[in-house]
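> Here's a structure for you.
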Amino acid sequence: MKKYRVRTEMEYSMELNTLEEAEKVFNTWKEDLMAEGVVIDETFVEIIESENDFDDYRVIRKVIAVIDHDRYELGTPREEGFDWDYWAKWQEVSE
């Protein structure tokens, strides 16, 4: 039976029984990480799938934090009163 987990560079979720449950956790973790601050090209969130208690697994979806260059057209974070240097967004990564 397939099981799922959501993973970041720092943690794993508990085992999840359905892809739908994993997608919900995935989306929540993406929002939470972006709000806390990300490191460009290092911060990621992924859904992994396994049939053997995660001894082996397959990445079925992954996003990584990248600089959002389009957002700079409206101004930099510092110009808008924030205490960070760049706008970030999630980019899908194909494995």
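We name chains A, B, ... following the order of the structure tokens; residues begin at 1 in each chain, and ligands are numbered from 1 as shown.
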As a VMD selection string, which residues of chain A does DSSP assign to helix (DSSP H, G or I)?
chain A and resid 19 to 36 69 to 74
> Go ahead and dump the residues you just picked, C-alpha atoms, as a compact mmCIF listing (two decimals), in the first residue's frame.

# COMPACT_ATOMS: atom_id res chain seq x y z
CA LEU A 19 -2.22 11.85 -1.98
CA GLU A 20 -5.02 14.29 -1.16
CA GLU A 21 -3.88 14.45 2.48
CA ALA A 22 -0.28 14.93 1.34
CA GLU A 23 -1.30 17.79 -1.00
CA LYS A 24 -3.01 19.60 1.89
CA VAL A 25 0.08 19.32 4.10
CA PHE A 26 2.30 20.29 1.14
CA ASN A 27 0.33 23.49 0.53
CA THR A 28 0.24 24.41 4.22
CA TRP A 29 3.98 23.88 4.61
CA LYS A 30 4.66 25.99 1.50
CA GLU A 31 2.69 28.88 2.99
CA ASP A 32 4.30 28.51 6.41
CA LEU A 33 7.85 28.38 5.05
CA MET A 34 7.32 31.40 2.81
CA ALA A 35 5.98 33.37 5.78
CA GLU A 36 8.97 32.39 7.94
CA HIS A 69 11.91 38.84 -10.53
CA ASP A 70 8.46 39.89 -11.78
CA ARG A 71 7.54 41.20 -8.33
CA TYR A 72 10.42 43.68 -8.43
CA GLU A 73 8.51 45.73 -11.02
CA LEU A 74 6.35 46.95 -8.13
> Just asking: which residues within chain A are strand (DSSP E or B) according to DSSP, as a ChimeraX atom specification?
/A:3-8,12,16,44-50,58-67,88-92
> Using the selection just defined, write its residues with N, CA and C atoms as a compact mmCIF listing (two decimals), in the first residue's frame.

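Output saved as selection-v7.txt:
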# COMPACT_ATOMS: atom_id res chain seq x y z
N LYS A 3 2.12 4.93 0.75
CA LYS A 3 2.04 5.93 1.82
C LYS A 3 2.77 7.18 1.32
N TYR A 4 2.45 8.30 1.93
CA TYR A 4 3.03 9.56 1.51
C TYR A 4 3.58 10.32 2.71
N ARG A 5 4.54 11.16 2.45
CA ARG A 5 5.06 12.10 3.43
C ARG A 5 5.37 13.40 2.70
N VAL A 6 5.34 14.47 3.47
CA VAL A 6 5.81 15.75 2.96
C VAL A 6 7.14 16.00 3.63
N ARG A 7 8.09 16.52 2.86
CA ARG A 7 9.45 16.68 3.36
C ARG A 7 9.97 18.06 2.98
N THR A 8 10.76 18.64 3.88
CA THR A 8 11.51 19.87 3.60
C THR A 8 12.97 19.56 3.90
N TYR A 12 10.24 15.99 8.19
CA TYR A 12 9.31 15.11 7.50
C TYR A 12 7.97 15.19 8.20
N LEU A 16 1.15 9.68 5.63
CA LEU A 16 -0.19 10.05 5.19
C LEU A 16 -0.71 8.96 4.26
N PHE A 44 13.00 23.95 0.08
CA PHE A 44 12.11 23.17 -0.79
C PHE A 44 11.03 22.49 0.03
N VAL A 45 9.99 22.07 -0.66
CA VAL A 45 8.94 21.24 -0.10
C VAL A 45 8.64 20.19 -1.15
N GLU A 46 8.54 18.93 -0.70
CA GLU A 46 8.25 17.87 -1.65
C GLU A 46 7.32 16.83 -1.04
N ILE A 47 6.62 16.14 -1.92
CA ILE A 47 5.80 14.99 -1.52
C ILE A 47 6.55 13.75 -1.98
N ILE A 48 6.72 12.82 -1.06
CA ILE A 48 7.36 11.57 -1.40
C ILE A 48 6.36 10.42 -1.20
N GLU A 49 6.57 9.36 -1.98
CA GLU A 49 5.68 8.21 -1.97
C GLU A 49 6.51 6.95 -1.77
N SER A 50 5.99 6.03 -0.95
CA SER A 50 6.72 4.79 -0.70
C SER A 50 5.75 3.64 -0.49
N ARG A 58 9.90 7.67 -3.77
CA ARG A 58 9.90 8.40 -5.03
C ARG A 58 9.35 9.79 -4.77
N VAL A 59 10.02 10.81 -5.28
CA VAL A 59 9.52 12.18 -5.18
C VAL A 59 8.46 12.35 -6.25
N ILE A 60 7.25 12.71 -5.84
CA ILE A 60 6.19 12.87 -6.84
C ILE A 60 5.84 14.33 -7.10
N ARG A 61 6.26 15.22 -6.21
CA ARG A 61 6.07 16.65 -6.44
C ARG A 61 7.09 17.41 -5.61
N LYS A 62 7.70 18.45 -6.21
CA LYS A 62 8.68 19.24 -5.49
C LYS A 62 8.65 20.68 -5.97
N VAL A 63 8.75 21.61 -5.02
CA VAL A 63 8.91 23.03 -5.33
C VAL A 63 10.14 23.53 -4.59
N ILE A 64 10.78 24.54 -5.18
CA ILE A 64 11.95 25.14 -4.57
C ILE A 64 11.76 26.66 -4.59
N ALA A 65 12.30 27.34 -3.57
CA ALA A 65 12.18 28.79 -3.49
C ALA A 65 13.16 29.44 -4.46
N VAL A 66 12.64 30.37 -5.26
CA VAL A 66 13.47 31.13 -6.20
C VAL A 66 13.11 32.61 -6.09
N ILE A 67 13.96 33.46 -6.62
CA ILE A 67 13.68 34.89 -6.61
C ILE A 67 12.55 35.18 -7.60
N ALA A 88 10.34 36.26 -3.06
CA ALA A 88 10.52 34.85 -3.41
C ALA A 88 9.18 34.26 -3.88
N LYS A 89 9.30 33.18 -4.61
CA LYS A 89 8.12 32.42 -5.05
C LYS A 89 8.52 30.95 -5.14
N TRP A 90 7.52 30.08 -5.27
CA TRP A 90 7.78 28.65 -5.44
C TRP A 90 7.84 28.31 -6.90
N GLN A 91 8.81 27.48 -7.27
CA GLN A 91 8.93 27.00 -8.64
C GLN A 91 8.89 25.48 -8.63
N GLU A 92 8.04 24.90 -9.47
CA GLU A 92 7.97 23.44 -9.58
C GLU A 92 9.29 22.92 -10.14
> Suppose you want the space between CA of Glu42 in chain A and CA of Glu11 in chain A; what is it in Å?
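So the answer is 13.7 Å.
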> Given only C-alpha atoms as the basis, pick out the residue of A:Asp56, A:Glu9, A:Met14, A:Gly81 nearest to Val39 in chain A.
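Answer, going by the shortest atom-to-atom distance: A:Glu9.
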> Just checking: using only C-alpha atoms, which residue out of A:Asn17, A:Lys2, A:Asp68, A:Gly37 ends up closest to Phe82 in chain A?
A:Gly37
> Report, in Å to a single decimal, how far apart CA of Val38 in chain A and CA of Phe54 in chain A are.
26.4 Å
> May I ask for the distance between CA of Thr18 in chain A and CA of Val93 in chain A, given in Å to one decimal place?
21.5 Å
